[in-house]
>>> print(open('work-v3.cif').read())   # mmCIF, C-alpha atoms
data_upload
#
loop_
_atom_site.label_atom_id
_atom_site.label_comp_id
_atom_site.auth_asym_id
_atom_site.auth_seq_id
_atom_site.Cartn_x
_atom_site.Cartn_y
_atom_site.Cartn_z
CA MET T 372 42.25 48.91 43.58
CA ALA T 373 39.22 50.42 41.85
CA VAL T 374 36.87 48.92 44.46
CA VAL T 375 38.90 50.39 47.35
CA LEU T 376 38.88 53.80 45.70
CA ALA T 377 35.07 53.55 45.15
CA PHE T 378 34.55 52.63 48.84
CA ILE T 379 36.59 55.66 49.94
CA ILE T 380 34.44 57.90 47.74
CA TYR T 381 31.30 56.32 49.24
CA LYS T 382 32.42 57.15 52.81
CA THR T 383 32.97 60.81 51.96
CA ASN T 384 30.33 63.45 52.72
CA LEU T 385 29.79 64.37 49.08
CA ILE T 386 26.25 64.85 47.83
CA GLY T 387 24.68 61.91 46.02
CA LEU T 388 24.58 63.73 42.66
CA VAL T 389 28.38 63.84 42.67
CA LYS T 390 29.21 60.77 44.76
CA TRP T 391 27.44 58.07 42.79
CA PRO T 392 28.77 59.10 39.29
CA LEU T 393 32.31 59.08 40.71
CA ILE T 394 31.75 55.62 42.20
CA PHE T 395 30.43 54.19 38.92
CA PHE T 396 33.23 55.85 36.90
CA THR T 397 35.91 54.47 39.24
CA VAL T 398 34.52 50.92 39.16
CA GLY T 399 34.08 51.02 35.37
CA LEU T 400 37.57 52.38 34.82
CA GLY T 401 39.06 49.63 37.00
CA ALA T 402 37.13 46.94 35.11
CA ALA T 403 38.25 48.40 31.77
CA ILE T 404 41.88 48.48 32.88
CA ALA T 405 41.68 44.87 34.06
CA PHE T 406 39.64 43.28 31.25
CA VAL T 407 39.68 45.52 28.11
CA PRO T 408 42.99 45.30 26.08
CA ILE T 409 43.65 47.58 23.09
CA GLU T 410 45.91 46.10 20.38
CA GLU T 411 46.89 43.31 22.80
CA ARG T 412 48.05 45.79 25.43
CA PRO T 413 46.21 46.70 28.70
CA LEU T 414 44.48 50.03 29.08
CA ASP T 415 46.82 51.23 31.84
CA HIS T 416 49.71 51.05 29.35
CA TRP T 417 47.92 53.43 26.99
CA ILE T 418 47.06 55.80 29.87
CA LYS T 419 50.70 55.94 30.99
CA THR T 420 51.88 56.46 27.41
CA PHE T 421 49.36 59.28 26.93
CA PHE T 422 50.62 61.24 29.95
CA LYS T 423 54.26 60.63 29.03
CA ASN T 424 53.76 62.04 25.55
CA ILE T 425 51.99 65.10 26.96
CA TYR T 426 54.80 66.06 29.31
CA ARG T 427 57.65 65.01 26.96
CA PRO T 428 59.37 68.02 25.29
CA THR T 429 58.71 68.36 21.58
CA LYS T 430 61.64 70.64 20.71
CA PHE T 431 65.01 69.01 20.05
CA PHE T 432 68.41 70.54 19.46
CA TRP T 433 70.89 68.86 17.14
CA ARG T 434 74.60 69.23 17.77
CA LYS T 435 77.14 68.03 15.22
CA SER T 436 79.76 65.69 16.60
CA ASN T 437 83.20 65.44 15.00
CA LYS T 438 83.84 61.93 13.76
CA ILE T 439 87.44 60.82 13.82
CA PRO T 440 88.42 58.64 10.80
CA ASP T 441 88.97 55.00 11.56
CA PHE T 442 92.59 54.94 10.46
CA PHE T 443 93.39 57.54 13.18
CA ASN T 444 91.87 55.28 15.83
CA TYR T 445 94.11 52.36 14.96
CA LYS T 446 95.97 50.95 17.96
CA ILE T 447 98.65 48.30 18.00
CA THR T 448 97.29 45.48 20.10
CA SER T 449 100.33 43.24 20.09
CA THR T 450 103.93 43.33 18.95
CA ARG T 451 106.11 40.48 17.79
CA GLU T 452 109.58 40.42 19.23
CA ASP T 453 110.71 37.85 16.68
CA PHE T 454 109.78 40.02 13.69
CA PHE T 455 113.44 40.39 12.70
CA ALA T 456 115.50 37.32 12.09
CA PRO T 457 118.29 36.77 14.64
CA ASP T 458 121.83 37.53 13.63
CA ILE T 459 123.73 34.57 12.15
CA ASN T 460 127.33 34.02 13.10
CA LEU T 461 129.26 33.63 9.81
CA ASN T 462 132.83 34.10 10.93
CA PRO T 463 135.58 32.10 9.13
CA VAL T 464 135.74 29.41 11.83
CA ARG T 465 132.01 28.92 11.66
CA LYS T 466 132.10 28.65 7.84
CA GLN T 467 134.87 26.08 7.97
CA ARG T 468 132.87 23.90 10.35
CA ILE T 469 129.83 24.13 8.05
CA PHE T 470 131.92 23.03 5.04
CA GLU T 471 133.41 20.10 6.99
CA TYR T 472 129.95 19.02 8.05
CA ILE T 473 128.66 19.10 4.46
CA LYS T 474 131.62 17.00 3.25
CA SER T 475 131.02 14.46 6.00
CA ILE T 476 127.49 13.74 4.78
CA PRO T 477 127.63 10.54 2.67
CA GLU T 478 126.33 10.81 -0.87
CA GLU T 479 123.30 8.80 -1.76
CA GLU T 480 124.22 5.94 -4.05
CA THR T 481 121.87 5.52 -6.97
CA SER T 482 121.33 1.89 -7.80
CA THR T 483 120.97 1.03 -11.49
CA ASN T 484 119.46 -2.22 -12.59
CA GLN T 485 120.09 -4.23 -15.74
CA PHE T 486 117.09 -2.75 -17.56
CA ASP T 487 118.38 0.82 -17.13
CA LEU T 488 121.83 -0.17 -18.41
CA GLU T 489 120.38 -1.82 -21.53
CA GLU T 490 118.16 1.18 -22.25
CA LYS T 491 121.08 3.57 -21.93
CA GLN T 492 123.16 1.38 -24.27
CA LYS T 493 120.41 1.37 -26.91
CA ILE T 494 120.10 5.14 -26.78
CA ASN T 495 123.84 5.54 -27.26
CA ASN T 496 123.79 3.17 -30.25
CA VAL T 497 120.98 5.17 -31.88
CA LEU T 498 122.87 8.43 -31.37
CA ASN T 499 126.03 6.95 -32.83
CA GLU T 500 124.12 5.91 -35.96
CA PHE T 501 123.33 9.55 -36.66
CA ASP T 502 127.01 10.43 -36.52
CA ASN T 503 127.86 7.79 -39.15
CA VAL T 504 125.24 8.82 -41.72
CA GLU T 505 126.76 10.00 -44.98
CA VAL T 506 124.78 12.35 -47.16
CA ALA T 507 125.43 12.03 -50.90
CA GLN T 508 125.73 15.30 -52.71
CA ASP T 509 123.60 15.47 -55.82
CA GLN T 510 124.66 17.72 -58.60
CA ILE T 511 121.86 20.01 -59.64
CA ASN T 512 122.01 21.43 -63.13
CA ILE T 513 120.20 24.68 -63.52
CA GLU T 514 119.29 25.52 -67.07
CA VAL T 515 118.47 29.10 -67.78
CA GLN T 516 116.12 29.44 -70.69
CA LYS T 517 116.68 32.57 -72.68
CA GLN T 518 113.47 34.34 -73.41
CA GLU T 519 113.29 35.93 -76.79
CA LYS T 520 112.32 39.54 -76.76
CA PRO T 521 108.93 40.23 -78.36
CA ILE T 522 109.01 41.91 -81.73
CA LEU T 523 107.26 45.22 -81.41
CA GLN T 524 105.63 46.61 -84.51
CA THR T 525 106.04 50.34 -84.76
CA ARG T 526 104.23 52.71 -87.03
CA VAL T 527 106.00 55.76 -88.27
CA ARG T 528 103.89 58.82 -88.84
CA LYS T 529 105.05 61.93 -90.60
CA LEU T 530 104.73 65.09 -88.59
CA GLN T 531 102.71 67.77 -90.24
CA VAL T 532 104.50 71.03 -90.66
CA PRO T 533 102.43 73.93 -89.26
CA LYS T 534 100.75 75.95 -91.87
CA GLU T 535 102.27 79.22 -92.80
CA MET T 536 101.08 81.86 -90.41
CA GLY T 537 100.66 84.22 -93.32
CA ASN T 538 97.78 82.09 -94.67
CA THR T 539 94.72 83.73 -93.21
CA SER T 540 92.18 81.58 -95.05
CA SER T 541 91.98 79.09 -92.18
CA HIS T 542 91.30 81.72 -89.49
CA LEU T 543 88.08 83.38 -88.45
CA PRO T 544 87.30 87.08 -88.56
CA ASN T 545 88.31 89.04 -85.42
CA GLN T 546 90.61 86.15 -84.42
CA ILE T 547 93.99 87.35 -83.11
CA PHE T 548 96.97 85.09 -83.86
CA GLY T 549 100.67 85.37 -84.59
CA SER T 550 104.08 84.41 -83.24
CA VAL T 551 106.49 85.58 -80.56
CA VAL T 552 110.12 85.58 -81.79
CA ASP T 553 113.45 86.83 -80.55
CA GLU T 554 115.83 89.18 -82.35
CA SER T 555 117.14 86.36 -84.57
CA GLY T 556 113.62 85.31 -85.62
CA ALA T 557 113.49 82.07 -83.58
CA GLY T 558 110.20 81.32 -81.83
CA ILE T 559 109.96 81.89 -78.07
CA ALA T 560 108.04 79.16 -76.29
CA GLN T 561 105.90 79.53 -73.15
CA ALA T 562 105.49 83.28 -73.54
CA ILE T 563 102.38 84.73 -71.88
CA ILE T 564 100.16 86.79 -74.21
CA GLU T 565 97.45 88.92 -72.61
CA ILE T 566 94.78 90.65 -74.71
CA LYS T 567 92.98 93.66 -73.18
CA ASP T 568 90.05 95.67 -74.48
CA GLN T 569 89.89 99.48 -74.72
CA ASN T 570 88.83 99.61 -71.02
CA GLU T 571 92.05 97.80 -70.04
CA GLN T 572 90.04 94.73 -69.03
CA SER T 573 91.70 91.39 -69.74
CA VAL T 574 89.63 89.34 -72.20
CA ARG T 575 92.11 86.57 -73.17
CA VAL T 576 95.30 85.10 -71.70
CA LEU T 577 97.29 82.82 -74.00
CA LYS T 578 100.61 80.99 -73.96
CA SER T 579 102.81 80.43 -77.00
CA ASP T 580 103.67 76.89 -78.11
CA SER T 581 107.12 75.41 -78.69
CA ASN T 582 107.43 77.34 -81.99
CA GLY T 583 106.24 80.63 -80.49
CA PHE T 584 102.79 80.52 -82.15
CA PHE T 585 99.60 81.67 -80.38
CA LEU T 586 95.93 81.84 -81.41
CA THR T 587 92.70 82.87 -79.71
CA ASN T 588 90.16 80.07 -79.54
CA ARG T 589 87.33 82.20 -80.91
CA SER T 590 86.59 85.54 -82.47
CA LEU T 591 86.45 88.72 -80.44
CA GLU T 592 83.98 91.58 -80.66
CA ASN T 593 84.69 94.62 -82.76
CA GLY T 594 86.80 97.25 -81.13
CA ALA T 595 90.34 98.29 -80.18
CA TYR T 596 92.52 95.80 -78.32
CA SER T 597 96.05 95.83 -76.95
CA VAL T 598 98.35 92.79 -76.95
CA LEU T 599 100.89 92.45 -74.08
CA VAL T 600 103.63 89.80 -74.07
CA GLU T 601 105.65 88.73 -71.02
CA LYS T 602 108.69 86.46 -70.92
CA ASP T 603 111.62 86.38 -68.52
CA GLY T 604 114.68 88.08 -70.02
CA PHE T 605 112.70 89.91 -72.75
CA ASN T 606 110.97 93.27 -73.00
CA PHE T 607 108.15 93.38 -75.56
CA PRO T 608 106.27 96.47 -76.76
CA LYS T 609 102.51 96.90 -76.48
CA ILE T 610 100.75 96.26 -79.81
CA LYS T 611 97.45 97.90 -80.75
CA VAL T 612 94.94 95.91 -82.85
CA GLU T 613 91.69 97.21 -84.33
CA LEU T 614 89.00 94.59 -85.07
CA SER T 615 86.19 95.40 -87.46
CA GLY T 616 84.74 92.01 -88.42
CA GLN T 617 87.49 91.21 -90.97
CA LYS T 618 90.32 88.71 -90.96
CA ILE T 619 93.56 90.27 -89.72
CA LYS T 620 97.15 89.59 -90.62
CA PRO T 621 99.29 87.50 -88.27
CA LEU T 622 101.17 89.42 -85.58
CA VAL T 623 104.94 89.05 -85.25
CA ILE T 624 105.99 90.28 -81.83
CA LYS T 625 109.70 90.92 -81.26
CA PRO T 626 111.47 92.23 -78.15
#
>>> encode(input="work-v3.cif", output="structure tokens")
Amino acid sequence: MAVVLAFIIYKTNLIGLVKWPLIFFTVGLGAAIAFVPIEERPLDHWIKTFFKNIYRPTKFFWRKSNKIPDFFNYKITSTREDFFAPDINLNPVRKQRIFEYIKSIPEEETSTNQFDLEEKQKINNVLNEFDNVEVAQDQINIEVQKQEKPILQTRVRKLQVPKEMGNTSSHLPNQIFGSVVDESGAGIAQAIIEIKDQNEQSVRVLKSDSNGFFLTNRSLENGAYSVLVEKDGFNFPKIKVELSGQKIKPLVIKP
């Protein structure tokens, strides 16, 4: 093909400066197409691919397509006509014939040999032996041992009588103490005694014992104090106390 094209160019009236380069180019291109492969493919394949890619459009438009779910595309390929069981005729006449047929079937006779009979007899004899067993009742004597109670040694201590509240030798200076009694002179237990200073600030809160006695745990500073007593069902007056570093007399607070 390249040689024919070169011969046609040779027969034209072109000048030699143009004619002979075209002839050599045509012959060389034909030889390259025929004998020079590129990546195991002929040269004409690459030339065709080159021109196709040039004239192929490079702008693409994408259009979304709606995909129908697979379970909507399900189609029944075949149907079974025998899906439902056929109706059974169970009228009284039909039932009676079925019962007669079942009764007419002979029962299978089970043959027992001598070995089976002897084994069954031995089992029955063993079971009968259990029915004839007599269990002797043993008398069990239970002796209850009486445990002696332990002797507890007790120690008796004499209770000390509280010291007379009028004895001030055992108290400290500026220590407020006394007793809360009712109208008959009996002590009032669990009475709340609050001691306030001259600024009406609470400095001590006490509670009387079972005999109505109360005592501050330590001495107070010099100054004027007021003693307030509270107890349900009683109304106690406010008592003023002046402390000057000396031992005071016991207070007797009555409602």
>>> resolve_selection(input="work-v3.cif", expression="the PyMOL selection byres ((chain T and resi 544) around 9)", output="ChimeraX atom specification")
/T:542-543,545-547,590-591,614-619
>>> write_last_selection(input="work-v3.cif", atoms="C-alpha atoms", output="PDB file, in the coordinates of the input")
ATOM      1  CA  HIS T 542      91.300  81.720 -89.490  1.00  0.00           C
ATOM      2  CA  LEU T 543      88.080  83.380 -88.450  1.00  0.00           C
ATOM      3  CA  ASN T 545      88.310  89.040 -85.420  1.00  0.00           C
ATOM      4  CA  GLN T 546      90.610  86.150 -84.420  1.00  0.00           C
ATOM      5  CA  ILE T 547      93.990  87.350 -83.110  1.00  0.00           C
ATOM      6  CA  SER T 590      86.590  85.540 -82.470  1.00  0.00           C
ATOM      7  CA  LEU T 591      86.450  88.720 -80.440  1.00  0.00           C
ATOM      8  CA  LEU T 614      89.000  94.590 -85.070  1.00  0.00           C
ATOM      9  CA  SER T 615      86.190  95.400 -87.460  1.00  0.00           C
ATOM     10  CA  GLY T 616      84.740  92.010 -88.420  1.00  0.00           C
ATOM     11  CA  GLN T 617      87.490  91.210 -90.970  1.00  0.00           C
ATOM     12  CA  LYS T 618      90.320  88.710 -90.960  1.00  0.00           C
ATOM     13  CA  ILE T 619      93.560  90.270 -89.720  1.00  0.00           C
TER      14      ILE T 619
END
>>> atom_distance(input="work-v3.cif", atom1="CA of Phe585 in chain T", atom2="CA of Gln569 in chain T")
21.1 Å
>>> resolve_selection(input="work-v3.cif", expression="the PyMOL selection byres ((chain T and resi 600) around 9)", output="ChimeraX atom specification")
/T:551,562-566,598-599,601-602,606-609,624
>>> closest_residue(input="work-v3.cif", among="T:Leu488, T:Ile379, T:Ile418, T:Ala595", to="Ala403 in chain T", atoms="only C-alpha atoms")
T:Ile418
>>> resolve_selection(input="work-v3.cif", expression="the PyMOL selection byres ((chain T and resi 386-398) around 6)", output="PyMOL selection string")
chain T and resi 373+377+385+399-401
>>> residues_near_point(input="work-v3.cif", point="(115.1, 86.2, -74.3)", cutoff="8 Å", atoms="only C-alpha atoms", output="ChimeraX atom specification")
/T:553,559,602-605
>>> residues_around(input="work-v3.cif", residues="range 554-556 of chain T", least_positions_apart="6", cutoff="10 Å", atoms="only C-alpha atoms", output="PyMOL selection string")
chain T and resi 623-626
>>> closest_residue(input="work-v3.cif", among="T:Glu500, T:Ile425, T:Phe442, T:Gly549", to="Thr587 in chain T", atoms="all atoms listed in the file")
T:Gly549
>>> closest_residue(input="work-v3.cif", among="T:Phe548, T:Phe432, T:Phe422, T:Phe406", to="Lys578 in chain T", atoms="only C-alpha atoms")
T:Phe548
>>> atom_distance(input="work-v3.cif", atom1="CA of Asp568 in chain T", atom2="CA of Ser581 in chain T")
26.8 Å
>>> atom_distance(input="work-v3.cif", atom1="CA of Ala405 in chain T", atom2="CA of Thr420 in chain T")
16.8 Å
>>> build_atoms(input="work-v3.cif", residues="range 406-440 of chain T", atoms="N, CA and C atoms", output="short mmCIF file (atom, residue, chain, number, x, y, z; two decimals), keeping the file's coordinate frame")
data_model
loop_
_atom_site.label_atom_id
_atom_site.label_comp_id
_atom_site.auth_asym_id
_atom_site.auth_seq_id
_atom_site.Cartn_x
_atom_site.Cartn_y
_atom_site.Cartn_z
N PHE T 406 40.19 44.25 32.19
CA PHE T 406 39.64 43.28 31.25
C PHE T 406 39.51 43.75 29.80
N VAL T 407 39.85 45.01 29.49
CA VAL T 407 39.68 45.52 28.11
C VAL T 407 41.07 45.87 27.54
N PRO T 408 41.70 44.96 26.73
CA PRO T 408 42.99 45.30 26.08
C PRO T 408 42.76 46.02 24.74
N ILE T 409 43.67 46.88 24.38
CA ILE T 409 43.65 47.58 23.09
C ILE T 409 44.95 47.24 22.35
N GLU T 410 44.76 46.57 21.18
CA GLU T 410 45.91 46.10 20.38
C GLU T 410 46.85 45.24 21.23
N GLU T 411 46.19 44.30 21.98
CA GLU T 411 46.89 43.31 22.80
C GLU T 411 47.72 43.94 23.90
N ARG T 412 47.37 45.13 24.32
CA ARG T 412 48.05 45.79 25.43
C ARG T 412 46.99 46.31 26.40
N PRO T 413 47.23 46.25 27.73
CA PRO T 413 46.21 46.70 28.70
C PRO T 413 45.99 48.20 28.61
N LEU T 414 44.86 48.63 29.18
CA LEU T 414 44.48 50.03 29.08
C LEU T 414 45.40 50.92 29.90
N ASP T 415 45.93 50.40 31.02
CA ASP T 415 46.82 51.23 31.84
C ASP T 415 48.10 51.60 31.08
N HIS T 416 48.53 50.72 30.16
CA HIS T 416 49.71 51.05 29.35
C HIS T 416 49.44 52.25 28.46
N TRP T 417 48.25 52.29 27.87
CA TRP T 417 47.92 53.43 26.99
C TRP T 417 47.74 54.70 27.79
N ILE T 418 47.22 54.59 29.04
CA ILE T 418 47.06 55.80 29.87
C ILE T 418 48.42 56.36 30.24
N LYS T 419 49.35 55.48 30.64
CA LYS T 419 50.70 55.94 30.99
C LYS T 419 51.41 56.57 29.78
N THR T 420 51.25 55.92 28.63
CA THR T 420 51.88 56.46 27.41
C THR T 420 51.30 57.81 27.04
N PHE T 421 50.01 58.00 27.25
CA PHE T 421 49.36 59.28 26.93
C PHE T 421 49.94 60.40 27.76
N PHE T 422 50.07 60.18 29.09
CA PHE T 422 50.62 61.24 29.95
C PHE T 422 52.11 61.48 29.70
N LYS T 423 52.83 60.43 29.35
CA LYS T 423 54.26 60.63 29.03
C LYS T 423 54.45 61.50 27.80
N ASN T 424 53.64 61.24 26.78
CA ASN T 424 53.76 62.04 25.55
C ASN T 424 53.33 63.48 25.76
N ILE T 425 52.41 63.73 26.69
CA ILE T 425 51.99 65.10 26.96
C ILE T 425 53.11 65.90 27.59
N TYR T 426 53.77 65.32 28.58
CA TYR T 426 54.80 66.06 29.31
C TYR T 426 56.20 65.90 28.69
N ARG T 427 56.34 65.13 27.63
CA ARG T 427 57.65 65.01 26.96
C ARG T 427 57.89 66.25 26.10
N PRO T 428 59.09 66.82 26.12
CA PRO T 428 59.37 68.02 25.29
C PRO T 428 59.37 67.67 23.80
N THR T 429 58.81 68.58 23.02
CA THR T 429 58.71 68.36 21.58
C THR T 429 59.73 69.16 20.77
N LYS T 430 60.61 69.86 21.40
CA LYS T 430 61.64 70.64 20.71
C LYS T 430 63.00 70.02 20.99
N PHE T 431 63.71 69.68 19.92
CA PHE T 431 65.01 69.01 20.05
C PHE T 431 66.08 69.90 19.43
N PHE T 432 67.24 69.81 19.96
CA PHE T 432 68.41 70.54 19.46
C PHE T 432 69.43 69.54 18.96
N TRP T 433 69.91 69.77 17.75
CA TRP T 433 70.89 68.86 17.14
C TRP T 433 72.27 69.51 17.20
N ARG T 434 73.23 68.77 17.68
CA ARG T 434 74.60 69.23 17.77
C ARG T 434 75.50 68.27 16.99
N LYS T 435 76.25 68.85 16.06
CA LYS T 435 77.14 68.03 15.22
C LYS T 435 78.33 67.54 16.05
N SER T 436 78.61 66.28 15.90
CA SER T 436 79.76 65.69 16.60
C SER T 436 80.84 65.36 15.57
N ASN T 437 82.06 65.70 15.88
CA ASN T 437 83.20 65.44 15.00
C ASN T 437 83.56 63.96 15.04
N LYS T 438 83.51 63.35 13.84
CA LYS T 438 83.84 61.93 13.76
C LYS T 438 85.29 61.77 13.32
N ILE T 439 86.03 61.05 14.12
CA ILE T 439 87.44 60.82 13.82
C ILE T 439 87.53 59.64 12.85
N PRO T 440 88.28 59.77 11.73
CA PRO T 440 88.42 58.64 10.80
C PRO T 440 88.97 57.41 11.49
#
